[in-house]
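Student: Before we start, here is the structure in question, set down as structure tokens.
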Amino acid sequence: MSRSRMKLGAFLMAGGHHIAAWRHPDAYAQAGSDIDHFIALAQIAERGKFDMIFIEDAAAIRERDPELASQAARSTAFEPLSLLAAIAVNTSHVGLVATASTSYTEPYGLARSFAALDQLSGGRAGWNLVTSASELEAENFAASGLRSHSQRYERAEEFADAALALWDGVEDGAYLLSNGEAFADRSRLHPVHRHGKHFSVDGILESPRSPQGRPIMVQAGASDVGKDLAARTADVVFTASQTKAEAQAYYADVRARLGKYGRGHGDLKVMPGISPIIGATEEEAKAKYRALQDLIPDAVGVALLASYLSIEDLSAYPLDGPLPEMPPTNLIQSRQQLIIDLGKREGLSIRELARHFAGARGHWQVVGTPIQIADAMEERFADGAADGFNVMAPLFPSGLEDFVTLVVPELQRRGIFREEYEGTTLRTNLGVAQPGKS
Ligand SMILES: Cc1cc2nc3c(=O)[nH]c(=O)nc-3n(C[C@H](O)[C@H](O)[C@H](O)COP(=O)(O)O)c2cc1C
């Protein structure tokens with residue numbers, strides 16, 4: 001496996017990843033509902049030779065807390081697969097990764113949608129498989145409420161296997177696509193018969209095999225069972241970590257699990273999030289960060305923190321005191337632990353923790369010059385903490401534009417990021433093996 005070149009994703013989110021981005025003087029209020037805005041962002045990422053753009057999802061508004069709901073511009077978003085179909089026809093090389101849940105869809109329908117995105121983009125689709133930890137989402141679909149963490153993952157395992165079987169059930173050349181005697185070669189079509197605890201699938205996907213074999217599998221769970229699912233099925237894993245030591249521990253842990261599924265280290269790319277705040281000088285970068293941080297009302301920061309900790313009302317505790325003991329969560333266990341560890345390690349009060357967390361929801365934030373940011377990325381890349389990064393600009397489009405014009409050339413100059421795409425499929429550019437091809 002070549003470790004010499006890092007992989008880059010551009011995690012797009014309407015006006016920006018910073019919770020207060022929409023209040024910034026440079027904010028674009030219509031960002032979440034303007035397709036041209038997203039197309040322009042994807043084209044910036046493609047100009048920067050990013051491996052992929054990445055779109056998160058939740059089939060619900062994001063905030064229950066009224067204070068947060070009225071102050072956080074996170075609830076206007078396009079459904080990712082529809083959005084990426086529009087972006088596909090306006091780009092040519094950048095990979096297109098959509099988040100989709102295994103909790104509120106069925107394998108055949110979702111495998112079919114991703115097969116369509118993969119066909120119409122010429123082999124650039126990726127599926128970020130999530131299990132959906134949001135109670136607001138559960139309320140939109142299931143009268144019985146949010147399933148437990150273990151039930152969600154049990155369903156995800158079965159779902160992933162069925163989707164993979166459907167994609168792999170159609171071999172290369174199964175459809176002859178000519179006006180000869182046969183349109184389909186039945187010997188290359190393998191019906192899927194799966195009758196599990198959660199799903200029943202009897203059929204063949206009505207799509208030719210993807211130009212990249214099948215869509216790229218991305219996973220974002222970080223609990224024990226989440227890491228096992230990633231090690232078994234994912235090509236890319238997206239993760240949140242604060243310190244280099246945390247990132248290295250995650251990296252070593254998830255890669256150590258690959259062997260038991262007969263997979264090698266090169267089969268899985270670990271791509272933690274990074275939120276870069278870029279300035280011509282360190283002072284300018286710090287001032288940019290302060291300007292964003294000053295826009296966060298305490299109540300909003302605290303409510304966001306509480307929602308990730310899955311505690312109803314954090315404001316009942318003294319804001320200048322430490323985080324109280326947290327009950328175990330049924331939501332994102334890994335993120336709750338990250339927050340607890342961050343608070344203890346840096347001795348942060350609830351208010352400070354909330355402000356820190358609001359910048360990038362627990363992802364690594366680096367404030368500095370393009371060189372400092374490239375240094376920080378290179379260090380984690382070289383020291384076994386990452387195979388690449390999912391870049392989360394605090395503000396769009398300027399944060400992504402700055403990264404592409406200032407940081408990407410620095411990474412290229414160091415020889416640790418590509419100057420040209422290796423190919424036209426996401427799989428080729430990521431350098432992960434094509435299933436069914438030796
Ligand atoms: C970095 C990261 C990003 C995630 N992005 C999403 C998302 O966009 N939508 C979603 O429903 N869940 C998302 N999740 C939640 C996971 O799919 C999963 O439901 C949750 O993490 C619980 O699993 P865990 O305890 O294994 O982390 C994300 C999780 C992580 C760690």
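Labels for the structure tokens follow display order: chains A, B, ..., residues from 1 in each chain, ligands from 1.
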Env of region 31-46 of chain A: 6 Å cut, atoms = only C-alpha atoms, seq-sep filter 3 positions within chain, self excluded. Answer as a ChimeraX atom specification.

Tutor: /A:14-15,28,49-50,76-77,87,94

Student: Enumerate as a tab-separated table (two decimals) with N, CA and C atoms, in the first residue's frame the residues within 9 Å of ligand 1, counting only C-alpha atoms and all ligand atoms.

Tutor:
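Result written to part08.tsv:
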chain	number	residue	atom	x	y	z
A	55	ILE	N	-21.60	14.33	1.87
A	55	ILE	CA	-22.82	15.00	2.34
A	55	ILE	C	-23.41	14.19	3.50
A	56	GLU	N	-23.62	14.84	4.63
A	56	GLU	CA	-24.22	14.14	5.78
A	56	GLU	C	-25.74	14.09	5.61
A	57	ASP	N	-26.42	13.45	6.54
A	57	ASP	CA	-27.87	13.41	6.42
A	57	ASP	C	-28.55	13.07	7.73
A	58	ALA	N	-29.76	13.53	7.84
A	58	ALA	CA	-30.71	13.06	8.86
A	58	ALA	C	-32.07	13.39	8.26
A	59	ALA	N	-32.98	12.41	8.30
A	59	ALA	CA	-34.30	12.65	7.71
A	59	ALA	C	-35.20	13.29	8.75
A	98	ALA	N	-22.80	10.09	-0.43
A	98	ALA	CA	-24.04	10.47	0.23
A	98	ALA	C	-24.23	9.63	1.49
A	99	THR	N	-24.63	10.30	2.55
A	99	THR	CA	-25.00	9.57	3.77
A	99	THR	C	-26.41	9.03	3.61
A	100	ALA	N	-26.62	7.79	3.99
A	100	ALA	CA	-27.98	7.23	4.00
A	100	ALA	C	-28.07	6.22	5.13
A	101	SER	N	-29.24	6.19	5.72
A	101	SER	CA	-29.44	5.42	6.94
A	101	SER	C	-29.93	4.00	6.66
A	102	THR	N	-29.46	3.07	7.49
A	102	THR	CA	-29.96	1.70	7.40
A	102	THR	C	-31.20	1.53	8.28
A	128	ASN	N	-22.17	6.58	2.56
A	128	ASN	CA	-21.80	6.66	3.97
A	128	ASN	C	-22.92	6.02	4.77
A	129	LEU	N	-22.67	4.81	5.19
A	129	LEU	CA	-23.69	4.02	5.91
A	129	LEU	C	-23.77	4.50	7.35
A	130	VAL	N	-24.93	5.01	7.74
A	130	VAL	CA	-25.12	5.39	9.14
A	130	VAL	C	-26.34	4.67	9.71
A	131	THR	N	-26.34	4.58	11.02
A	131	THR	CA	-27.44	3.85	11.66
A	131	THR	C	-28.50	4.80	12.22
A	132	SER	N	-28.22	6.10	12.20
A	132	SER	CA	-29.16	7.14	12.65
A	132	SER	C	-29.41	7.12	14.15
A	133	ALA	N	-28.75	8.06	14.80
A	133	ALA	CA	-28.85	8.11	16.26
A	133	ALA	C	-29.82	9.21	16.73
A	134	SER	N	-30.56	9.80	15.79
A	134	SER	CA	-31.38	10.95	16.17
A	134	SER	C	-32.80	10.53	16.56
A	137	GLU	N	-35.39	11.91	14.17
A	137	GLU	CA	-35.54	11.11	12.96
A	137	GLU	C	-36.45	9.92	13.26
A	149	HIS	N	-28.91	1.03	20.40
A	149	HIS	CA	-27.64	1.04	19.67
A	149	HIS	C	-27.39	-0.34	19.06
A	152	ARG	N	-29.81	-1.17	16.24
A	152	ARG	CA	-29.51	-0.40	15.02
A	152	ARG	C	-28.37	-1.07	14.24
A	153	TYR	N	-27.34	-1.47	14.98
A	153	TYR	CA	-26.20	-2.09	14.31
A	153	TYR	C	-26.53	-3.48	13.76
A	219	GLN	N	-18.09	4.47	6.28
A	219	GLN	CA	-18.75	4.20	7.56
A	219	GLN	C	-18.30	5.24	8.57
A	220	ALA	N	-19.21	5.59	9.47
A	220	ALA	CA	-18.84	6.64	10.42
A	220	ALA	C	-19.08	6.25	11.87
A	221	GLY	N	-19.41	5.03	12.13
A	221	GLY	CA	-19.60	4.62	13.53
A	221	GLY	C	-18.25	4.41	14.19
A	222	ALA	N	-18.16	4.71	15.45
A	222	ALA	CA	-16.87	4.61	16.12
A	222	ALA	C	-16.93	3.80	17.40
A	223	SER	N	-18.09	3.25	17.73
A	223	SER	CA	-18.17	2.35	18.88
A	223	SER	C	-17.52	1.03	18.47
A	224	ASP	N	-17.43	0.11	19.41
A	224	ASP	CA	-16.82	-1.17	19.12
A	224	ASP	C	-17.50	-1.88	17.94
A	225	VAL	N	-18.81	-1.95	18.02
A	225	VAL	CA	-19.56	-2.65	16.97
A	225	VAL	C	-19.48	-1.86	15.65
A	226	GLY	N	-19.41	-0.53	15.77
A	226	GLY	CA	-19.27	0.32	14.58
A	226	GLY	C	-17.93	0.07	13.89
A	227	LYS	N	-16.88	-0.05	14.69
A	227	LYS	CA	-15.55	-0.29	14.11
A	227	LYS	C	-15.48	-1.67	13.45
A	237	VAL	N	-13.34	5.04	6.30
A	237	VAL	CA	-14.02	5.32	7.55
A	237	VAL	C	-13.78	6.77	7.94
A	238	PHE	N	-14.90	7.43	8.26
A	238	PHE	CA	-14.88	8.84	8.65
A	238	PHE	C	-14.99	8.87	10.16
A	239	THR	N	-14.14	9.65	10.79
A	239	THR	CA	-14.10	9.61	12.25
A	239	THR	C	-13.82	11.00	12.82
A	240	ALA	N	-14.15	11.16	14.09
A	240	ALA	CA	-13.87	12.43	14.77
A	240	ALA	C	-12.86	12.17	15.87
A	241	SER	N	-11.74	12.91	15.86
A	241	SER	CA	-10.82	12.79	16.99
A	241	SER	C	-10.19	14.14	17.24
A	272	PRO	N	-10.17	11.08	9.20
A	272	PRO	CA	-10.80	11.90	10.23
A	272	PRO	C	-11.19	13.27	9.69
A	273	GLY	N	-12.11	13.92	10.37
A	273	GLY	CA	-12.49	15.28	10.00
A	273	GLY	C	-11.44	16.28	10.46
A	329	THR	N	-25.16	6.66	26.88
A	329	THR	CA	-26.06	7.14	25.83
A	329	THR	C	-26.43	6.04	24.85
A	330	ASN	N	-27.62	6.18	24.30
A	330	ASN	CA	-28.09	5.30	23.22
A	330	ASN	C	-27.80	5.96	21.87
A	331	LEU	N	-27.25	7.18	21.92
A	331	LEU	CA	-27.02	7.92	20.67
A	331	LEU	C	-25.59	7.66	20.19
A	332	ILE	N	-24.81	8.73	19.88
A	332	ILE	CA	-23.46	8.48	19.36
A	332	ILE	C	-22.52	8.30	20.55
A	333	GLN	N	-22.23	7.06	20.90
A	333	GLN	CA	-21.44	6.79	22.10
A	333	GLN	C	-20.04	7.37	21.99
A	334	SER	N	-19.45	7.24	20.79
A	334	SER	CA	-18.07	7.69	20.62
A	334	SER	C	-17.96	9.19	20.82
A	335	ARG	N	-18.98	9.95	20.36
A	335	ARG	CA	-18.88	11.41	20.47
A	335	ARG	C	-19.07	11.85	21.92
A	336	GLN	N	-19.94	11.15	22.65
A	336	GLN	CA	-20.11	11.49	24.05
A	336	GLN	C	-18.77	11.31	24.78
A	362	GLY	N	-16.89	18.60	17.47
A	362	GLY	CA	-15.98	17.61	18.04
A	362	GLY	C	-14.85	17.19	17.11
A	363	HIS	N	-14.89	17.66	15.88
A	363	HIS	CA	-13.79	17.34	14.96
A	363	HIS	C	-12.59	18.24	15.26

Student: Do a neighbour search on region 168-171 of chain A at 9 Å with only C-alpha atoms, toss out local chain neighbours closer than 5 positions, and write the hits as a VMD selection string.

Tutor: chain A and resid 163 188 to 192 204 to 209 213 to 214 435 to 436

Student: Using only C-alpha atoms, which residues sit within 8 Å of Leu411 (chain A) once same-chain residues fewer than 5 positions away are excluded, as a list in words?

Tutor: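 Surrounding residues, per the criterion: Ala374, Ile416 and Phe417 of chain A.
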
Student: From the list A:Lys260, A:Lys269, A:Arg155, A:His93, which residue is nearest Phe389 (chain A) when using only C-alpha atoms?

Tutor: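 Residue with the minimum atom-to-atom distance to Phe389 (chain A): A:Lys269.
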
Student: In terms of the shortest atom-to-atom distance over only C-alpha atoms, which of A:Thr233, A:Ser144, A:Thr369, A:Ser82 is closest to Glu284 (chain A)?

Tutor: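 Once distances to Glu284 (chain A) are computed over only C-alpha atoms, the minimum belongs to A:Thr369.
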
Student: As a ChimeraX atom specification, please: every residue in region 285-435 of chain A that DSSP puts in helix (DSSP H, G or I).

Tutor: /A:285-293,298-309,314-316,333-346,350-360,370-382,398-413,426-430

Student: List the spatial neighbours of Val391 (chain A) as a PyMOL selection string - criterion: any atom at most 10 Å away, only C-alpha atoms, same-chain residues fewer than 2 positions off excluded.

Tutor: chain A and resi 8-12+17+50+53-54+271-276+363-364+388-389+393-394+399-400+403

Student: Identify which of the residues A:Ser398, A:Gln248, A:Ser103, A:Ser315 lies closest to Val270 (chain A), counting only C-alpha atoms when measuring atom-to-atom distances.

Tutor: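 Among the listed residues, the smallest separation from Val270 (chain A) belongs to A:Gln248.
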
Student: Which is closer to Asp235 (chain A) than all the others in A:Ala20, A:Ile371, A:Ala316, A:Val432, using only C-alpha atoms?

Tutor: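 Ranking A:Ala20, A:Ile371, A:Ala316, A:Val432 by distance to Asp235 (chain A), first place goes to A:Val432.
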
Student: When DSSP is applied to the backbone of this structure, which of region 128-348 of chain A are assigned strand (DSSP E or B)? Write them out as a PyMOL selection string.

Tutor: chain A and resi 128-130+170+175+184+189+192-195+200-203+210+213+216-219+236-239+269-278

Student: Those residues with N, CA, C and O atoms, as a short mmCIF file (atom, residue, chain, number, x, y, z; two decimals), in the first residue's frame please?

Tutor:
data_model
loop_
_atom_site.label_atom_id
_atom_site.label_comp_id
_atom_site.auth_asym_id
_atom_site.auth_seq_id
_atom_site.Cartn_x
_atom_site.Cartn_y
_atom_site.Cartn_z
N ASN A 128 -22.17 6.58 2.56
CA ASN A 128 -21.80 6.66 3.97
C ASN A 128 -22.92 6.02 4.77
O ASN A 128 -23.98 6.61 4.97
N LEU A 129 -22.67 4.81 5.19
CA LEU A 129 -23.69 4.02 5.91
C LEU A 129 -23.77 4.50 7.35
O LEU A 129 -22.79 4.45 8.08
N VAL A 130 -24.93 5.01 7.74
CA VAL A 130 -25.12 5.39 9.14
C VAL A 130 -26.34 4.67 9.71
O VAL A 130 -27.22 4.23 8.97
N VAL A 170 -24.76 -8.66 -10.04
CA VAL A 170 -24.72 -8.33 -11.48
C VAL A 170 -23.25 -8.25 -11.88
O VAL A 170 -22.51 -7.38 -11.43
N TYR A 175 -25.19 -7.27 -19.02
CA TYR A 175 -26.06 -6.66 -20.04
C TYR A 175 -25.20 -6.37 -21.26
O TYR A 175 -24.19 -5.67 -21.16
N ALA A 184 -29.43 -9.50 -22.37
CA ALA A 184 -28.81 -9.86 -21.09
C ALA A 184 -28.20 -11.25 -21.18
O ALA A 184 -28.74 -12.13 -21.84
N LEU A 189 -26.00 -12.96 -14.27
CA LEU A 189 -26.95 -12.34 -13.33
C LEU A 189 -27.26 -13.33 -12.22
O LEU A 189 -27.69 -14.45 -12.50
N VAL A 192 -30.44 -12.59 -5.81
CA VAL A 192 -30.12 -12.57 -4.38
C VAL A 192 -31.32 -13.15 -3.63
O VAL A 192 -32.46 -12.74 -3.88
N HIS A 193 -31.07 -14.07 -2.74
CA HIS A 193 -32.15 -14.62 -1.91
C HIS A 193 -31.72 -14.47 -0.46
O HIS A 193 -30.86 -15.21 0.02
N ARG A 194 -32.28 -13.52 0.21
CA ARG A 194 -31.90 -13.29 1.61
C ARG A 194 -33.14 -13.10 2.45
O ARG A 194 -33.97 -12.23 2.16
N HIS A 195 -33.25 -13.91 3.46
CA HIS A 195 -34.39 -13.79 4.36
C HIS A 195 -33.84 -13.71 5.77
O HIS A 195 -33.51 -14.71 6.38
N SER A 200 -36.18 -8.94 3.74
CA SER A 200 -36.35 -10.06 2.82
C SER A 200 -36.11 -9.53 1.41
O SER A 200 -36.75 -8.56 0.98
N VAL A 201 -35.16 -10.12 0.74
CA VAL A 201 -34.83 -9.67 -0.63
C VAL A 201 -34.77 -10.89 -1.53
O VAL A 201 -34.02 -11.83 -1.25
N ASP A 202 -35.53 -10.88 -2.60
CA ASP A 202 -35.50 -11.94 -3.60
C ASP A 202 -35.46 -11.26 -4.94
O ASP A 202 -36.49 -10.84 -5.45
N GLY A 203 -34.29 -11.12 -5.50
CA GLY A 203 -34.31 -10.45 -6.79
C GLY A 203 -32.94 -10.08 -7.31
O GLY A 203 -31.91 -10.38 -6.71
N SER A 210 -21.60 -1.42 -11.92
CA SER A 210 -21.01 -0.08 -11.91
C SER A 210 -19.65 -0.06 -12.58
O SER A 210 -18.91 -1.04 -12.50
N GLY A 213 -17.24 -1.24 -10.20
CA GLY A 213 -17.58 -2.50 -9.54
C GLY A 213 -18.83 -2.33 -8.70
O GLY A 213 -19.89 -2.84 -9.00
N ILE A 216 -18.48 2.86 -3.46
CA ILE A 216 -17.57 2.85 -2.31
C ILE A 216 -18.40 2.85 -1.02
O ILE A 216 -19.40 3.55 -0.92
N MET A 217 -17.97 2.04 -0.06
CA MET A 217 -18.66 2.00 1.24
C MET A 217 -17.89 2.86 2.24
O MET A 217 -16.69 2.67 2.46
N VAL A 218 -18.60 3.79 2.84
CA VAL A 218 -18.01 4.65 3.87
C VAL A 218 -18.77 4.36 5.17
O VAL A 218 -19.95 4.03 5.13
N GLN A 219 -18.09 4.47 6.28
CA GLN A 219 -18.75 4.20 7.56
C GLN A 219 -18.30 5.24 8.57
O GLN A 219 -17.17 5.70 8.51
N VAL A 236 -13.79 3.22 3.32
CA VAL A 236 -13.35 4.47 3.95
C VAL A 236 -14.05 4.58 5.30
O VAL A 236 -15.22 4.22 5.41
N VAL A 237 -13.34 5.04 6.30
CA VAL A 237 -14.02 5.32 7.55
C VAL A 237 -13.78 6.77 7.94
O VAL A 237 -12.68 7.29 7.85
N PHE A 238 -14.90 7.43 8.26
CA PHE A 238 -14.88 8.84 8.65
C PHE A 238 -14.99 8.87 10.16
O PHE A 238 -15.83 8.20 10.74
N THR A 239 -14.14 9.65 10.79
CA THR A 239 -14.10 9.61 12.25
C THR A 239 -13.82 11.00 12.82
O THR A 239 -13.33 11.87 12.11
N LYS A 269 -9.38 3.11 4.12
CA LYS A 269 -8.77 4.43 4.31
C LYS A 269 -9.44 5.12 5.50
O LYS A 269 -10.67 5.27 5.50
N VAL A 270 -8.64 5.52 6.44
CA VAL A 270 -9.17 6.19 7.63
C VAL A 270 -9.05 7.70 7.42
O VAL A 270 -7.96 8.22 7.22
N MET A 271 -10.19 8.38 7.42
CA MET A 271 -10.20 9.82 7.09
C MET A 271 -10.92 10.61 8.19
O MET A 271 -12.13 10.82 8.12
N PRO A 272 -10.17 11.08 9.20
CA PRO A 272 -10.80 11.90 10.23
C PRO A 272 -11.19 13.27 9.69
O PRO A 272 -10.66 13.73 8.67
N GLY A 273 -12.11 13.92 10.37
CA GLY A 273 -12.49 15.28 10.00
C GLY A 273 -11.44 16.28 10.46
O GLY A 273 -10.76 16.08 11.46
N ILE A 274 -11.29 17.35 9.66
CA ILE A 274 -10.44 18.48 10.08
C ILE A 274 -11.17 19.76 9.69
O ILE A 274 -11.69 19.87 8.58
N SER A 275 -11.23 20.69 10.63
CA SER A 275 -11.81 21.99 10.31
C SER A 275 -10.69 23.03 10.29
O SER A 275 -10.18 23.41 11.35
N PRO A 276 -10.24 23.44 9.11
CA PRO A 276 -9.12 24.37 9.02
C PRO A 276 -9.61 25.82 9.04
O PRO A 276 -10.52 26.18 8.30
N ILE A 277 -9.02 26.64 9.87
CA ILE A 277 -9.32 28.08 9.85
C ILE A 277 -8.02 28.75 9.39
O ILE A 277 -7.03 28.78 10.11
N ILE A 278 -8.07 29.26 8.15
CA ILE A 278 -6.83 29.62 7.45
C ILE A 278 -6.65 31.12 7.41
O ILE A 278 -7.56 31.87 7.05
#

Student: Suppose you want the space between CA of Ala433 (chain A) and CA of Gly262 (chain A); what is it in Å?

Tutor: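 CA of Ala433 (chain A) sits 13.7 Å away from CA of Gly262 (chain A).
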
Student: Using only C-alpha atoms, which of the listed residues (A:Leu166, A:Arg427, A:Arg361, A:Ala303) sits closest to Tyr108 (chain A)?

Tutor: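 Of the candidates, the smallest distance to Tyr108 (chain A) is held by A:Leu166.
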